[in-house]
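Content type mmCIF, C-alpha atoms, from the file structure.cif:
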data_structure
#
loop_
_atom_site.label_atom_id
_atom_site.label_comp_id
_atom_site.auth_asym_id
_atom_site.auth_seq_id
_atom_site.Cartn_x
_atom_site.Cartn_y
_atom_site.Cartn_z
CA MET A 28 0.00 0.00 0.00
CA ARG A 29 1.36 3.38 -1.01
CA ILE A 30 1.27 6.02 1.75
CA PRO A 31 0.42 9.56 0.57
CA ARG A 32 3.38 11.95 0.81
CA GLN A 33 1.68 14.29 3.27
CA ALA A 34 0.80 11.41 5.57
CA LEU A 35 4.35 10.09 5.37
CA LEU A 36 5.81 13.48 6.30
CA PHE A 37 3.39 13.69 9.22
CA LEU A 38 4.46 10.27 10.52
CA ILE A 39 8.14 11.21 10.18
CA SER A 40 7.61 14.45 12.10
CA VAL A 41 5.78 12.63 14.89
CA ALA A 42 8.58 10.07 15.17
CA PHE A 43 11.18 12.84 15.24
CA ILE A 44 9.38 14.62 18.05
CA ALA A 45 8.89 11.40 20.01
CA PHE A 46 12.38 9.98 19.65
CA GLY A 47 14.79 12.53 18.36
CA ALA A 48 13.83 15.93 19.64
CA ALA A 49 13.40 15.58 23.37
CA PRO A 50 13.69 18.97 25.02
CA THR A 51 17.09 19.57 26.51
CA THR A 52 17.37 19.90 30.26
CA GLN A 53 20.78 21.53 30.12
CA PRO A 54 20.48 24.85 31.92
CA LYS A 55 21.30 28.19 30.36
CA ILE A 56 24.08 29.76 32.40
CA ILE A 57 25.03 33.44 32.34
CA ASP A 58 28.65 34.21 33.14
CA ARG A 59 29.04 36.92 35.78
CA LEU A 60 32.46 35.87 37.01
CA MET A 61 33.79 37.38 40.22
CA PRO A 62 37.43 38.55 40.45
CA MET A 63 39.97 35.74 40.82
CA THR A 64 40.88 37.26 44.18
CA HIS A 65 37.66 35.78 45.57
CA SER A 66 38.48 32.15 44.80
CA ARG A 67 41.52 29.94 44.47
CA PRO A 68 42.61 27.07 42.23
CA ARG A 69 40.97 23.84 43.32
CA PRO A 70 43.59 21.32 44.47
CA THR A 71 44.33 18.75 41.78
CA THR A 72 43.79 15.98 44.34
CA ALA A 73 40.33 17.24 45.34
CA THR A 74 37.30 15.21 44.29
CA ILE A 75 34.07 17.17 44.00
CA ASP A 76 31.47 15.11 45.83
CA THR A 77 29.07 17.60 47.42
CA ILE A 78 26.69 20.40 46.46
CA VAL A 79 25.96 22.95 49.17
CA LEU A 80 22.74 24.98 48.89
CA HIS A 81 22.45 28.51 50.25
CA PHE A 82 20.05 31.43 50.33
CA SER A 83 20.97 35.09 50.31
CA SER A 84 19.34 38.49 49.95
CA ASP A 85 19.85 42.15 50.72
CA CYS A 86 16.85 42.25 53.05
CA SER A 87 18.79 43.65 56.01
CA GLN A 88 20.03 46.81 54.28
CA HIS A 89 17.40 47.14 51.54
CA PRO A 90 14.19 45.42 52.70
CA ASP A 91 12.18 47.08 49.91
CA HIS A 92 14.52 45.80 47.19
CA PRO A 93 16.26 42.69 48.50
CA TYR A 94 16.81 40.72 45.29
CA ASP A 95 19.11 42.82 43.12
CA VAL A 96 21.74 40.50 41.60
CA ALA A 97 24.41 43.19 41.15
CA LYS A 98 24.05 44.35 44.76
CA GLN A 99 24.15 40.77 45.98
CA ILE A 100 27.44 40.16 44.21
CA GLN A 101 28.81 43.34 45.77
CA ILE A 102 27.82 41.96 49.19
CA TYR A 103 29.82 38.80 48.44
CA LEU A 104 32.80 40.86 47.32
CA LYS A 105 32.76 43.01 50.44
CA ALA A 106 32.39 39.98 52.71
CA GLN A 107 35.26 38.15 50.97
CA VAL A 108 33.03 35.21 50.09
CA SER A 109 32.00 33.65 46.78
CA THR A 110 29.86 30.94 45.24
CA HIS A 111 29.93 28.99 42.02
CA TYR A 112 26.35 29.75 41.02
CA LEU A 113 23.61 32.24 41.89
CA ILE A 114 19.96 31.70 40.91
CA ASP A 115 17.70 34.75 40.91
CA ARG A 116 13.95 34.91 41.50
CA GLU A 117 13.18 34.51 37.78
CA GLY A 118 15.29 31.36 37.57
CA ASN A 119 18.27 32.92 35.80
CA ILE A 120 21.48 31.05 36.63
CA PHE A 121 24.64 33.11 37.00
CA ARG A 122 28.08 31.52 37.11
CA LEU A 123 30.21 33.53 39.54
CA VAL A 124 33.14 31.13 39.97
CA ASP A 125 34.31 28.42 37.58
CA GLU A 126 33.94 24.91 38.99
CA LYS A 127 37.66 24.36 38.46
CA ARG A 128 38.23 26.86 41.25
CA THR A 129 37.42 26.67 44.95
CA ALA A 130 34.74 29.17 45.96
CA TRP A 131 34.54 30.48 49.52
CA HIS A 132 30.98 29.56 50.42
CA ALA A 133 30.91 26.96 53.20
CA GLY A 134 33.32 28.09 55.91
CA ASN A 135 33.86 26.01 59.03
CA GLY A 136 31.72 23.05 59.92
CA SER A 137 31.41 19.31 60.22
CA LEU A 138 29.08 16.52 59.20
CA PRO A 139 27.49 14.18 61.75
CA TRP A 140 27.63 11.30 59.23
CA ASP A 141 31.27 12.02 58.31
CA PRO A 142 33.08 13.42 61.36
CA SER A 143 36.48 12.97 59.72
CA ARG A 144 35.67 15.68 57.19
CA LYS A 145 37.29 18.92 58.31
CA SER A 146 36.73 21.16 55.28
CA MET A 147 34.12 21.59 52.56
CA ASN A 148 35.07 24.27 50.04
CA ASN A 149 37.72 22.30 48.13
CA THR A 150 35.42 19.35 47.45
CA SER A 151 32.09 21.09 46.89
CA ILE A 152 30.11 23.32 44.57
CA GLY A 153 28.16 26.17 46.12
CA ILE A 154 24.77 27.30 44.81
CA GLU A 155 23.15 30.46 46.15
CA MET A 156 19.48 31.24 45.62
CA LEU A 157 17.89 34.62 46.18
CA ALA A 158 15.42 34.00 48.98
CA ILE A 159 14.36 35.07 52.45
CA GLY A 160 13.76 32.28 54.93
CA SER A 161 11.30 31.78 57.76
CA LYS A 162 11.37 33.97 60.84
CA ALA A 163 13.36 31.27 62.64
CA ASP A 164 15.84 31.27 59.76
CA MET A 165 16.30 35.03 59.65
CA VAL A 166 16.06 36.21 63.28
CA PRO A 167 18.41 37.12 64.88
CA LEU A 168 21.22 36.09 62.48
CA PHE A 169 20.24 38.41 59.64
CA MET A 170 17.66 40.91 60.89
CA SER A 171 15.50 41.90 63.83
CA ALA A 172 12.08 40.38 64.49
CA THR A 173 10.44 43.75 63.84
CA LYS A 174 12.09 44.13 60.45
CA TYR A 175 11.17 40.59 59.50
CA ASP A 176 7.52 41.03 60.50
CA ASP A 177 7.27 44.28 58.54
CA LEU A 178 8.80 42.71 55.45
CA ALA A 179 6.66 39.57 55.64
CA LYS A 180 3.52 41.69 56.01
CA LYS A 181 4.33 43.99 53.08
CA HIS A 182 5.76 41.34 50.76
CA PRO A 183 4.71 37.82 51.74
CA GLU A 184 5.59 36.71 48.21
CA TRP A 185 9.25 37.42 48.97
CA ILE A 186 9.42 34.74 51.66
CA GLY A 187 10.72 31.41 50.46
CA PHE A 188 11.69 30.28 46.97
CA THR A 189 10.02 30.68 43.57
CA ASP A 190 8.97 27.94 41.16
CA PRO A 191 11.46 29.22 38.53
CA GLU A 192 14.22 28.94 41.14
CA TYR A 193 13.31 25.32 41.89
CA SER A 194 13.11 24.47 38.19
CA SER A 195 16.50 26.01 37.43
CA LEU A 196 18.06 24.47 40.52
CA LYS A 197 16.85 21.00 39.54
CA ARG A 198 18.33 21.35 36.04
CA LEU A 199 21.58 22.79 37.38
CA ILE A 200 22.01 19.97 39.91
CA ALA A 201 21.41 17.36 37.18
CA ASP A 202 24.00 19.07 34.99
CA ILE A 203 26.56 19.17 37.80
CA GLU A 204 25.91 15.53 38.71
CA SER A 205 26.49 14.49 35.10
CA ARG A 206 30.01 15.93 35.28
CA HIS A 207 30.83 14.89 38.84
CA PRO A 208 29.71 11.27 39.41
CA GLU A 209 30.88 11.31 43.03
CA ILE A 210 27.92 13.58 43.80
CA LYS A 211 25.17 11.12 44.61
CA HIS A 212 21.59 12.35 44.56
CA ASP A 213 20.97 11.96 48.28
CA ASN A 214 20.97 14.01 51.48
CA HIS A 215 24.63 13.24 52.20
CA HIS A 216 25.90 14.73 48.95
CA ILE A 217 23.37 17.50 48.32
CA ILE A 218 23.20 19.41 51.56
CA GLY A 219 22.21 22.75 53.03
CA HIS A 220 24.72 25.16 54.48
CA GLU A 221 22.98 24.59 57.79
CA ASP A 222 23.79 20.88 57.61
CA TRP A 223 27.48 21.71 57.44
CA ALA A 224 27.74 24.82 59.62
CA GLY A 225 24.95 24.13 62.11
CA ARG A 226 21.93 26.40 62.61
CA LYS A 227 23.64 28.43 65.30
CA ARG A 228 25.89 29.84 62.56
CA ARG A 229 23.96 29.37 59.31
CA THR A 230 20.31 28.58 58.62
CA ASP A 231 20.15 28.28 54.84
CA PRO A 232 18.44 27.11 52.75
CA GLY A 233 16.13 26.93 55.74
CA GLN A 234 12.65 25.88 56.71
CA THR A 235 10.90 27.24 53.63
CA PHE A 236 13.01 25.23 51.19
CA ASP A 237 11.08 22.31 49.69
CA TRP A 238 13.58 19.48 49.23
CA ALA A 239 10.95 17.37 47.46
CA LYS A 240 11.08 19.75 44.49
CA ILE A 241 14.65 18.63 43.78
CA GLY A 242 13.91 14.95 44.31
CA LEU A 243 14.87 14.73 47.98
CA PRO A 244 11.52 14.46 49.78
CA ASP A 245 12.85 13.51 53.22
CA HIS A 246 13.35 17.13 54.17
CA ALA A 247 12.26 16.47 57.75
CA ALA A 248 15.02 13.89 58.11
CA ALA A 249 17.55 16.38 56.74
CA MET A 250 16.46 18.93 59.31
CA LYS A 251 16.69 16.30 62.04
CA ARG A 252 20.33 15.74 61.09
CA THR A 253 20.87 19.47 61.36
CA ALA A 254 19.28 19.64 64.82
CA GLU A 255 21.49 16.80 66.03
CA HIS A 256 24.48 18.70 64.66
CA GLN A 257 23.94 21.81 66.80
#

Before we go any further, please render this structure as structure tokens.
Amino acid sequence: MRIPRQALLFLISVAFIAFGAAPTTQPKIIDRLMPMTHSRPRPTTATIDTIVLHFSSDCSQHPDHPYDVAKQIQIYLKAQVSTHYLIDREGNIFRLVDEKRTAWHAGNGSLPWDPSRKSMNNTSIGIEMLAIGSKADMVPLFMSATKYDDLAKKHPEWIGFTDPEYSSLKRLIADIESRHPEIKHDNHHIIGHEDWAGRKRRTDPGQTFDWAKIGLPDHAAAMKRTAEHQ
């Protein structure tokens, strides 16, 4: 039986869509590299096996405009810290430090499941997301209770993380994992800053972060580890 040309072209296009044109999940990354003075070459012997998640904002100094990317980078520069990636509220991913270099994002800490580990920066990739945490996350480390209440009342939509942030984070993590097989997709290899530093020093990504949206639904268990680490 001879198939009409138009029908044949239709079948070919359907097959192409189904099997050959799956949408790419590779994230679009915008280079916004920080000065080399705010990172160092990663040791050649270091194996990248951990992703550390953070939140940050300018809510303390500019509560009416806390999510300006340029100002946030200036805060990092002034504080002598850095991160490999920054995700803004619209889901844009900025590369601030090349993965070949060690960013200064984790500081001092320890892991209850790996007490022998004495440092984190050399073997990890840091991802910052623009977000403001819960009141317990923010007070008193980052702002006063009064400031937090005022901000949460005026802009409740600024508390927590956006869907575009979660979507970009999920794609970015998958991309990083594809290049660093030692990063397993579990709560021991994808951690919050609070898991490493303890909530007395750092509280991010905090209570409003939904771990299930990046395929790690046992968020309560992750927070339990953090509590035991204090």

From CA of Ile100 (chain A) to CA of Ser66 (chain A) the spacing works out at 13.7 Å

Pairwise distance, CA of Leu80 (chain A) with CA of Ser161 (chain A), equals 16.0 Å

Q: Name the residues that the PyMOL selection byres ((chain A and resi 127-130) around 12) pulls out of this structure, and write them as a PyMOL selection string.
A: chain A and resi 60-75+78-79+103-104+107-112+122-126+131-134+146-155+206-207

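Residues captured in this structure file are Leu80, Asp190, Glu192, Tyr193, Ser194, Ser195, Leu196, Lys197, Arg198, Leu199, Ile200, Ala201, His212, Asp213, Asn214, Ile217, Ile218, Phe236, Asp237, Trp238, Ala239, Lys240, Gly242, Leu243, Pro244, Asp245 and His246 of chain A, according to the PyMOL selection byres ((chain A and resi 241) around 12).
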
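Note that the spacing between CA of Phe121 (chain A) and CA of Gln53 (chain A) amounts to 14.0 Å.
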
Quick one: residues within 8 Å of region 81-97 of chain A, only C-alpha atoms counted, chain neighbours fewer than 5 positions away excluded, as a PyMOL selection string?
chain A and resi 115-116+153-160+169-170+178+219-220+231-232
